[in-house]
>>> print(open('query-v8.cif').read())   # mmCIF, C-alpha atoms
data_run
loop_
_atom_site.label_atom_id
_atom_site.label_comp_id
_atom_site.auth_asym_id
_atom_site.auth_seq_id
_atom_site.Cartn_x
_atom_site.Cartn_y
_atom_site.Cartn_z
CA MET F 1 -0.13 -27.02 -32.43
CA MET F 2 -0.87 -30.51 -31.14
CA ASN F 3 1.21 -33.47 -32.27
CA VAL F 4 -0.92 -35.72 -34.48
CA TYR F 5 -0.02 -39.23 -35.60
CA GLU F 6 -1.50 -41.50 -38.25
CA ILE F 7 -1.39 -45.07 -37.01
CA TYR F 8 -2.76 -47.26 -39.77
CA PHE F 9 -3.02 -50.80 -41.08
CA SER F 10 -3.73 -50.36 -44.76
CA PRO F 11 -2.58 -53.14 -47.10
CA THR F 12 -4.29 -51.78 -50.24
CA GLY F 13 -4.29 -48.06 -49.39
CA GLY F 14 -7.98 -47.28 -48.83
CA THR F 15 -7.71 -47.07 -45.05
CA ARG F 16 -4.60 -44.91 -45.32
CA LYS F 17 -6.44 -42.40 -47.52
CA VAL F 18 -9.06 -41.83 -44.83
CA ALA F 19 -6.54 -41.71 -41.98
CA ALA F 20 -4.27 -39.29 -43.84
CA PHE F 21 -7.12 -36.96 -44.70
CA LEU F 22 -8.39 -36.76 -41.12
CA ALA F 23 -4.91 -36.36 -39.65
CA GLN F 24 -3.94 -33.64 -42.11
CA GLU F 25 -7.12 -31.71 -41.33
CA MET F 26 -5.85 -31.49 -37.75
CA ASN F 27 -2.14 -31.04 -38.44
CA THR F 28 -0.57 -30.40 -41.83
CA GLU F 29 2.44 -32.62 -40.99
CA PRO F 30 1.25 -35.59 -38.95
CA GLY F 31 3.64 -38.33 -37.92
CA GLN F 32 3.14 -41.75 -39.51
CA ILE F 33 3.19 -45.22 -38.01
CA ASP F 34 2.55 -47.96 -40.57
CA LEU F 35 1.16 -51.06 -38.88
CA SER F 36 1.31 -52.87 -42.25
CA ASP F 37 5.13 -53.05 -42.04
CA ASN F 38 6.03 -56.40 -40.48
CA ARG F 39 9.66 -55.34 -40.11
CA THR F 40 8.92 -52.63 -37.53
CA ASP F 41 9.34 -53.24 -33.80
CA PHE F 42 6.34 -51.35 -32.43
CA HIS F 43 7.41 -51.94 -28.82
CA GLY F 44 9.66 -48.88 -29.09
CA ILE F 45 6.80 -46.49 -29.91
CA ALA F 46 5.38 -44.40 -27.07
CA LEU F 47 3.08 -41.38 -27.23
CA THR F 48 2.28 -38.81 -24.54
CA SER F 49 -0.90 -37.38 -23.07
CA GLU F 50 -0.39 -34.29 -25.24
CA ASP F 51 -0.53 -36.28 -28.47
CA VAL F 52 -3.46 -37.17 -30.73
CA ALA F 53 -3.53 -40.40 -32.75
CA VAL F 54 -5.76 -41.25 -35.70
CA ILE F 55 -5.81 -45.04 -35.41
CA ALA F 56 -7.21 -46.57 -38.58
CA VAL F 57 -7.90 -50.18 -39.60
CA PRO F 58 -9.92 -51.93 -42.30
CA SER F 59 -12.84 -54.14 -41.32
CA TYR F 60 -12.19 -57.80 -42.15
CA SER F 61 -15.48 -59.68 -41.85
CA GLY F 62 -16.61 -57.25 -39.16
CA ARG F 63 -13.43 -57.51 -37.07
CA VAL F 64 -10.05 -55.79 -36.70
CA PRO F 65 -7.35 -57.70 -38.61
CA VAL F 66 -5.37 -59.82 -36.14
CA PRO F 67 -1.94 -58.38 -37.10
CA ALA F 68 -3.28 -54.86 -36.51
CA VAL F 69 -4.46 -55.82 -33.00
CA GLU F 70 -1.12 -57.43 -32.17
CA ARG F 71 0.87 -54.41 -33.34
CA ILE F 72 -1.34 -51.78 -31.71
CA MET F 73 -0.99 -53.66 -28.42
CA GLN F 74 2.77 -53.12 -28.58
CA ILE F 75 2.42 -49.30 -28.68
CA ARG F 76 2.25 -47.35 -25.41
CA GLY F 77 -0.54 -44.78 -25.53
CA ASN F 78 0.27 -43.05 -22.22
CA GLY F 79 -3.03 -41.15 -22.25
CA ALA F 80 -2.80 -39.90 -25.85
CA LYS F 81 -6.17 -38.99 -27.39
CA ALA F 82 -7.32 -41.55 -29.94
CA ILE F 83 -9.60 -41.03 -32.92
CA LEU F 84 -10.65 -44.47 -34.10
CA VAL F 85 -11.24 -45.08 -37.80
CA CYS F 86 -12.79 -48.17 -39.34
CA VAL F 87 -12.82 -48.42 -43.13
CA TYR F 88 -15.00 -50.98 -44.89
CA GLY F 89 -16.05 -51.92 -48.42
CA ASN F 90 -19.70 -50.79 -48.22
CA ARG F 91 -20.97 -54.05 -46.67
CA ALA F 92 -20.85 -53.60 -42.86
CA TYR F 93 -18.27 -52.99 -40.15
CA GLU F 94 -20.14 -54.84 -37.37
CA ASP F 95 -17.81 -55.19 -34.32
CA THR F 96 -14.71 -53.57 -35.79
CA LEU F 97 -14.96 -50.22 -34.01
CA ILE F 98 -15.80 -51.62 -30.61
CA GLU F 99 -12.97 -54.16 -30.85
CA LEU F 100 -10.59 -51.36 -31.85
CA GLN F 101 -11.82 -49.29 -28.90
CA ASP F 102 -11.14 -52.12 -26.46
CA CYS F 103 -7.71 -52.70 -28.00
CA VAL F 104 -6.45 -49.11 -27.83
CA GLN F 105 -7.81 -48.53 -24.34
CA GLN F 106 -5.89 -51.56 -23.09
CA THR F 107 -2.67 -50.01 -24.35
CA GLY F 108 -3.26 -46.65 -22.72
CA PHE F 109 -5.07 -44.46 -25.25
CA SER F 110 -8.08 -42.31 -24.38
CA VAL F 111 -10.76 -42.60 -27.07
CA VAL F 112 -12.43 -39.28 -27.93
CA ALA F 113 -14.02 -39.99 -31.32
CA ALA F 114 -14.71 -42.75 -33.82
CA VAL F 115 -15.34 -42.71 -37.56
CA ALA F 116 -16.65 -45.36 -39.92
CA ALA F 117 -15.84 -44.67 -43.57
CA VAL F 118 -16.17 -46.47 -46.88
CA ALA F 119 -13.41 -47.29 -49.37
CA GLU F 120 -13.18 -49.56 -52.38
CA HIS F 121 -13.62 -53.20 -51.39
CA SER F 122 -10.18 -54.80 -51.38
CA ILE F 123 -11.38 -58.09 -52.95
CA ALA F 124 -14.60 -57.31 -54.85
CA ARG F 125 -13.38 -54.00 -56.21
CA ARG F 126 -16.58 -53.17 -58.09
CA TYR F 127 -18.16 -52.35 -54.72
CA ALA F 128 -17.44 -48.85 -53.42
CA ALA F 129 -15.26 -48.29 -56.48
CA ASN F 130 -13.34 -44.99 -56.40
CA ARG F 131 -14.28 -44.33 -52.80
CA PRO F 132 -13.56 -42.35 -50.73
CA ASP F 133 -15.00 -39.87 -53.22
CA GLN F 134 -15.76 -36.16 -53.14
CA GLU F 135 -18.84 -36.57 -50.95
CA ASP F 136 -16.91 -38.80 -48.52
CA TYR F 137 -14.16 -36.20 -48.20
CA ARG F 138 -16.76 -33.47 -47.61
CA GLN F 139 -18.21 -35.51 -44.74
CA LEU F 140 -14.78 -36.36 -43.35
CA LYS F 141 -13.78 -32.69 -43.39
CA GLU F 142 -16.92 -31.87 -41.41
CA PHE F 143 -16.11 -34.69 -38.97
CA ALA F 144 -12.54 -33.43 -38.50
CA GLY F 145 -13.86 -29.98 -37.62
CA LYS F 146 -16.18 -31.42 -34.97
CA ILE F 147 -13.41 -33.58 -33.53
CA LEU F 148 -11.03 -30.62 -33.37
CA ASP F 149 -13.68 -28.57 -31.60
CA LYS F 150 -14.10 -31.33 -29.03
CA LEU F 151 -10.35 -31.59 -28.49
CA ASN F 152 -9.96 -27.82 -28.14
CA HIS F 153 -12.66 -27.78 -25.45
CA GLY F 154 -10.93 -30.56 -23.53
CA ASP F 155 -14.00 -32.75 -23.78
CA THR F 156 -13.10 -36.39 -23.13
CA ALA F 157 -16.62 -37.83 -22.84
CA MET F 158 -17.38 -40.51 -25.43
CA SER F 159 -20.68 -41.72 -26.84
CA VAL F 160 -21.43 -45.43 -27.20
CA ILE F 161 -19.73 -47.05 -30.17
CA PRO F 162 -21.82 -49.68 -31.99
CA GLY F 163 -20.83 -53.32 -31.80
CA ASN F 164 -21.12 -56.41 -29.67
CA ARG F 165 -19.14 -58.11 -26.93
CA PRO F 166 -18.26 -60.89 -27.37
CA TYR F 167 -17.29 -59.96 -30.92
CA ARG F 168 -18.58 -61.88 -33.89
CA LYS F 169 -16.56 -64.95 -34.81
CA ALA F 170 -13.61 -63.99 -36.99
CA GLY F 171 -14.16 -65.02 -40.59
CA ASN F 172 -11.58 -66.76 -42.74
CA VAL F 173 -11.83 -65.49 -46.30
CA GLY F 174 -9.26 -67.98 -47.51
CA LEU F 175 -8.71 -66.29 -50.88
CA ILE F 176 -5.04 -66.76 -51.65
CA PRO F 177 -3.80 -64.83 -54.70
CA GLY F 178 -1.76 -66.91 -57.10
CA ILE F 179 0.86 -65.84 -59.63
CA THR F 180 0.50 -65.72 -63.40
CA LYS F 181 3.09 -66.03 -66.15
CA GLN F 182 3.65 -62.28 -65.93
CA CYS F 183 5.53 -62.80 -62.64
CA THR F 184 9.20 -61.77 -62.90
CA LYS F 185 10.07 -62.83 -59.32
CA CYS F 186 11.02 -59.24 -58.51
CA GLY F 187 10.24 -59.93 -54.86
CA LEU F 188 8.17 -56.81 -54.21
CA CYS F 189 5.11 -58.76 -53.06
CA ALA F 190 7.20 -60.78 -50.60
CA SER F 191 8.96 -57.74 -49.16
CA LYS F 192 5.72 -55.80 -48.72
CA CYS F 193 3.46 -58.59 -47.45
CA PRO F 194 2.17 -57.38 -44.04
CA VAL F 195 2.48 -60.85 -42.53
CA GLY F 196 5.44 -62.28 -44.45
CA ALA F 197 3.37 -65.04 -46.01
CA ILE F 198 5.11 -65.01 -49.42
CA ASN F 199 8.36 -66.88 -50.02
CA LYS F 200 11.04 -64.36 -51.00
CA GLU F 201 12.91 -66.87 -53.15
CA ASN F 202 9.82 -68.28 -54.85
CA PRO F 203 6.77 -65.93 -54.83
CA ALA F 204 4.55 -68.78 -56.02
CA GLN F 205 4.83 -70.28 -52.55
CA VAL F 206 2.42 -68.74 -50.02
CA ASN F 207 1.92 -69.85 -46.44
CA LYS F 208 -1.83 -70.31 -46.46
CA LYS F 209 -2.00 -70.45 -42.67
CA VAL F 210 -0.36 -67.04 -42.42
CA CYS F 211 -1.96 -65.20 -45.37
CA ILE F 212 -4.81 -62.91 -44.29
CA SER F 213 -6.20 -62.32 -47.82
CA CYS F 214 -5.44 -58.60 -47.54
CA MET F 215 -4.75 -58.30 -51.30
CA ARG F 216 -1.69 -56.10 -50.94
CA CYS F 217 0.29 -58.35 -53.27
CA VAL F 218 -2.42 -57.98 -55.93
CA ALA F 219 -2.56 -54.20 -55.49
CA ILE F 220 1.17 -53.47 -55.62
CA CYS F 221 2.45 -55.90 -58.26
CA PRO F 222 3.91 -53.74 -61.07
CA HIS F 223 3.25 -56.52 -63.59
CA HIS F 224 -0.32 -57.35 -62.46
CA ALA F 225 0.94 -60.89 -61.95
CA ARG F 226 -1.01 -61.84 -58.83
CA LYS F 227 -4.70 -62.67 -59.08
CA ILE F 228 -7.57 -64.36 -57.27
CA ASN F 229 -9.08 -67.44 -58.88
CA GLY F 230 -11.73 -66.14 -61.28
CA PHE F 231 -14.48 -68.52 -60.18
CA LEU F 232 -13.94 -67.75 -56.48
CA LEU F 233 -13.97 -64.03 -57.23
CA PHE F 234 -17.25 -64.47 -59.11
CA ILE F 235 -18.76 -66.17 -56.04
CA VAL F 236 -17.61 -63.37 -53.73
CA ASN F 237 -19.06 -60.70 -56.02
CA ARG F 238 -22.35 -62.56 -56.18
CA MET F 239 -22.54 -63.00 -52.40
CA LEU F 240 -21.92 -59.28 -51.83
CA LYS F 241 -24.24 -57.98 -54.54
CA LYS F 242 -27.32 -57.48 -52.37
CA VAL F 243 -25.65 -56.22 -49.18
CA CYS F 244 -23.37 -53.81 -51.05
CA ALA F 245 -25.97 -52.45 -53.49
CA ALA F 246 -27.04 -49.37 -51.52
CA ARG F 247 -24.49 -46.65 -50.89
CA LYS F 248 -23.48 -46.33 -47.24
CA GLU F 249 -22.24 -43.03 -45.82
CA CYS F 250 -19.53 -42.09 -43.35
CA GLU F 251 -20.49 -42.08 -39.68
CA LEU F 252 -19.14 -40.13 -36.70
CA TYR F 253 -19.32 -40.99 -33.01
CA LEU F 254 -18.32 -38.33 -30.49
#
>>> encode(input="query-v8.cif", output="structure tokens")
Amino acid sequence: MMNVYEIYFSPTGGTRKVAAFLAQEMNTEPGQIDLSDNRTDFHGIALTSEDVAVIAVPSYSGRVPVPAVERIMQIRGNGAKAILVCVYGNRAYEDTLIELQDCVQQTGFSVVAAVAAVAEHSIARRYAANRPDQEDYRQLKEFAGKILDKLNHGDTAMSVIPGNRPYRKAGNVGLIPGITKQCTKCGLCASKCPVGAINKENPAQVNKKVCISCMRCVAICPHHARKINGFLLFIVNRMLKKVCAARKECELYL
């Protein structure tokens, strides 16, 4: 049985769901490398040419999140087969997959497949709510079977992945969650922030230049004490209404 690894950047969990499902379809006990953990030294991680990695990232304004790029570049692929996964909130993933392809190839992975999948939007959560759903998992199971078949036949050819070079200009969402009176200063948000933007002594203090608006602090707070400004959230929902209205399906590139 081949060694399979999940390598994922998943602040709110949607990307991890897709990565875990695909990896477990290929190996019931895949290894796990969490790129969201800013305490890990990824320089010490090296795979081999016999390994398979499901490398999964969310799409942030059509690009790979900068911390994910920086951490993937520290890992030595050594010819391991890479299955790229881009997860987006039903708007568009634009240059995310092609940027991810360039990134992993630079660090020594061999790309054999790519998947675009939909999960609940991390900010405007009404869009793609409760996805991935049953139909998504049906499609992903079918994709995993096709990828396994390709791997078992030793096929390393790769079709063209959509996207543009140079990549689109990276967007700056700039939505910084604030605390409410429900905050108990438990410190969970600070310890779990993927970029260490939250002050551990005073969670109300956030380094706005470091925060990537990933919404992990909102998602994990046990007291629901971190929120986006209501008016700004209303604007985001309104801006996304038209482009997110129609359901988008999972896509496979082999």
>>> residues_around(input="query-v8.cif", residues="stretch 154-171 of chain F", least_positions_apart="6", cutoff="9 Å", atoms="only C-alpha atoms", output="PDB file with C-alpha atoms, in the coordinates of the input")
ATOM      1  CA  TYR F  60     -12.190 -57.800 -42.150  1.00  0.00           C
ATOM      2  CA  SER F  61     -15.480 -59.680 -41.850  1.00  0.00           C
ATOM      3  CA  GLY F  62     -16.610 -57.250 -39.160  1.00  0.00           C
ATOM      4  CA  ARG F  63     -13.430 -57.510 -37.070  1.00  0.00           C
ATOM      5  CA  VAL F  64     -10.050 -55.790 -36.700  1.00  0.00           C
ATOM      6  CA  LYS F  81      -6.170 -38.990 -27.390  1.00  0.00           C
ATOM      7  CA  TYR F  93     -18.270 -52.990 -40.150  1.00  0.00           C
ATOM      8  CA  GLU F  94     -20.140 -54.840 -37.370  1.00  0.00           C
ATOM      9  CA  ASP F  95     -17.810 -55.190 -34.320  1.00  0.00           C
ATOM     10  CA  THR F  96     -14.710 -53.570 -35.790  1.00  0.00           C
ATOM     11  CA  LEU F  97     -14.960 -50.220 -34.010  1.00  0.00           C
ATOM     12  CA  ILE F  98     -15.800 -51.620 -30.610  1.00  0.00           C
ATOM     13  CA  GLU F  99     -12.970 -54.160 -30.850  1.00  0.00           C
ATOM     14  CA  GLN F 101     -11.820 -49.290 -28.900  1.00  0.00           C
ATOM     15  CA  SER F 110      -8.080 -42.310 -24.380  1.00  0.00           C
ATOM     16  CA  VAL F 111     -10.760 -42.600 -27.070  1.00  0.00           C
ATOM     17  CA  VAL F 112     -12.430 -39.280 -27.930  1.00  0.00           C
ATOM     18  CA  ALA F 113     -14.020 -39.990 -31.320  1.00  0.00           C
ATOM     19  CA  ALA F 114     -14.710 -42.750 -33.820  1.00  0.00           C
ATOM     20  CA  TYR F 253     -19.320 -40.990 -33.010  1.00  0.00           C
ATOM     21  CA  LEU F 254     -18.320 -38.330 -30.490  1.00  0.00           C
TER      22      LEU F 254
END
>>> resolve_selection(input="query-v8.cif", expression="the PyMOL selection byres ((chain F and resi 143-153) around 7)", output="PyMOL selection string")
chain F and resi 22+25-26+113+139-142+154-155+252
>>> atom_distance(input="query-v8.cif", atom1="atom CA of F:Asp34", atom2="atom CA of F:Tyr8")
5.4 Å
>>> closest_residue(input="query-v8.cif", among="F:Cys86, F:Val118, F:Leu232, F:Cys211", to="F:Pro132", atoms="only C-alpha atoms")
F:Val118
>>> closest_residue(input="query-v8.cif", among="F:Gly178, F:Ser49, F:Val66, F:Pro194", to="F:Leu35", atoms="all atoms listed in the file")
F:Pro194
>>> build_atoms(input="query-v8.cif", residues="stretch 86-115 of chain F", atoms="N, CA and C atoms", output="tab-separated table (two decimals), in the frame of the given file")
chain	number	residue	atom	x	y	z
F	86	CYS	N	-12.54	-46.86	-38.73
F	86	CYS	CA	-12.79	-48.17	-39.34
F	86	CYS	C	-13.19	-47.92	-40.78
F	87	VAL	N	-12.53	-48.58	-41.71
F	87	VAL	CA	-12.82	-48.42	-43.13
F	87	VAL	C	-13.31	-49.76	-43.68
F	88	TYR	N	-14.43	-49.74	-44.39
F	88	TYR	CA	-15.00	-50.98	-44.89
F	88	TYR	C	-15.50	-50.81	-46.33
F	89	GLY	N	-15.73	-51.93	-46.99
F	89	GLY	CA	-16.05	-51.92	-48.42
F	89	GLY	C	-17.52	-51.84	-48.75
F	90	ASN	N	-18.29	-51.06	-47.97
F	90	ASN	CA	-19.70	-50.79	-48.22
F	90	ASN	C	-20.63	-51.95	-47.85
F	91	ARG	N	-20.09	-52.99	-47.15
F	91	ARG	CA	-20.97	-54.05	-46.67
F	91	ARG	C	-21.42	-53.72	-45.25
F	92	ALA	N	-20.55	-53.89	-44.25
F	92	ALA	CA	-20.85	-53.60	-42.86
F	92	ALA	C	-19.55	-53.65	-42.07
F	93	TYR	N	-19.49	-52.92	-40.96
F	93	TYR	CA	-18.27	-52.99	-40.15
F	93	TYR	C	-18.51	-53.68	-38.81
F	94	GLU	N	-19.75	-54.01	-38.50
F	94	GLU	CA	-20.14	-54.84	-37.37
F	94	GLU	C	-19.37	-54.51	-36.08
F	95	ASP	N	-18.46	-55.39	-35.62
F	95	ASP	CA	-17.81	-55.19	-34.32
F	95	ASP	C	-16.42	-54.57	-34.42
F	96	THR	N	-16.07	-54.08	-35.59
F	96	THR	CA	-14.71	-53.57	-35.79
F	96	THR	C	-14.38	-52.39	-34.89
F	97	LEU	N	-15.26	-51.41	-34.81
F	97	LEU	CA	-14.96	-50.22	-34.01
F	97	LEU	C	-14.90	-50.52	-32.52
F	98	ILE	N	-15.80	-51.34	-32.05
F	98	ILE	CA	-15.80	-51.62	-30.61
F	98	ILE	C	-14.59	-52.48	-30.22
F	99	GLU	N	-14.19	-53.38	-31.10
F	99	GLU	CA	-12.97	-54.16	-30.85
F	99	GLU	C	-11.75	-53.24	-30.85
F	100	LEU	N	-11.70	-52.32	-31.79
F	100	LEU	CA	-10.59	-51.36	-31.85
F	100	LEU	C	-10.57	-50.50	-30.60
F	101	GLN	N	-11.74	-50.08	-30.13
F	101	GLN	CA	-11.82	-49.29	-28.90
F	101	GLN	C	-11.24	-50.07	-27.72
F	102	ASP	N	-11.64	-51.31	-27.56
F	102	ASP	CA	-11.14	-52.12	-26.46
F	102	ASP	C	-9.63	-52.29	-26.55
F	103	CYS	N	-9.14	-52.48	-27.78
F	103	CYS	CA	-7.71	-52.70	-28.00
F	103	CYS	C	-6.89	-51.47	-27.61
F	104	VAL	N	-7.26	-50.31	-28.09
F	104	VAL	CA	-6.45	-49.11	-27.83
F	104	VAL	C	-6.56	-48.66	-26.38
F	105	GLN	N	-7.69	-48.90	-25.76
F	105	GLN	CA	-7.81	-48.53	-24.34
F	105	GLN	C	-6.91	-49.40	-23.47
F	106	GLN	N	-6.76	-50.66	-23.85
F	106	GLN	CA	-5.89	-51.56	-23.09
F	106	GLN	C	-4.43	-51.11	-23.14
F	107	THR	N	-4.06	-50.44	-24.22
F	107	THR	CA	-2.67	-50.01	-24.35
F	107	THR	C	-2.44	-48.55	-23.97
F	108	GLY	N	-3.47	-47.95	-23.35
F	108	GLY	CA	-3.26	-46.65	-22.72
F	108	GLY	C	-3.75	-45.44	-23.47
F	109	PHE	N	-4.50	-45.60	-24.54
F	109	PHE	CA	-5.07	-44.46	-25.25
F	109	PHE	C	-6.41	-44.06	-24.63
F	110	SER	N	-6.77	-42.81	-24.80
F	110	SER	CA	-8.08	-42.31	-24.38
F	110	SER	C	-8.90	-42.00	-25.63
F	111	VAL	N	-9.97	-42.75	-25.85
F	111	VAL	CA	-10.76	-42.60	-27.07
F	111	VAL	C	-11.68	-41.39	-26.96
F	112	VAL	N	-11.60	-40.48	-27.95
F	112	VAL	CA	-12.43	-39.28	-27.93
F	112	VAL	C	-13.38	-39.19	-29.12
F	113	ALA	N	-13.16	-40.02	-30.13
F	113	ALA	CA	-14.02	-39.99	-31.32
F	113	ALA	C	-13.82	-41.26	-32.12
F	114	ALA	N	-14.81	-41.58	-32.94
F	114	ALA	CA	-14.71	-42.75	-33.82
F	114	ALA	C	-15.40	-42.45	-35.14
F	115	VAL	N	-14.82	-42.94	-36.20
F	115	VAL	CA	-15.34	-42.71	-37.56
F	115	VAL	C	-15.42	-44.03	-38.30
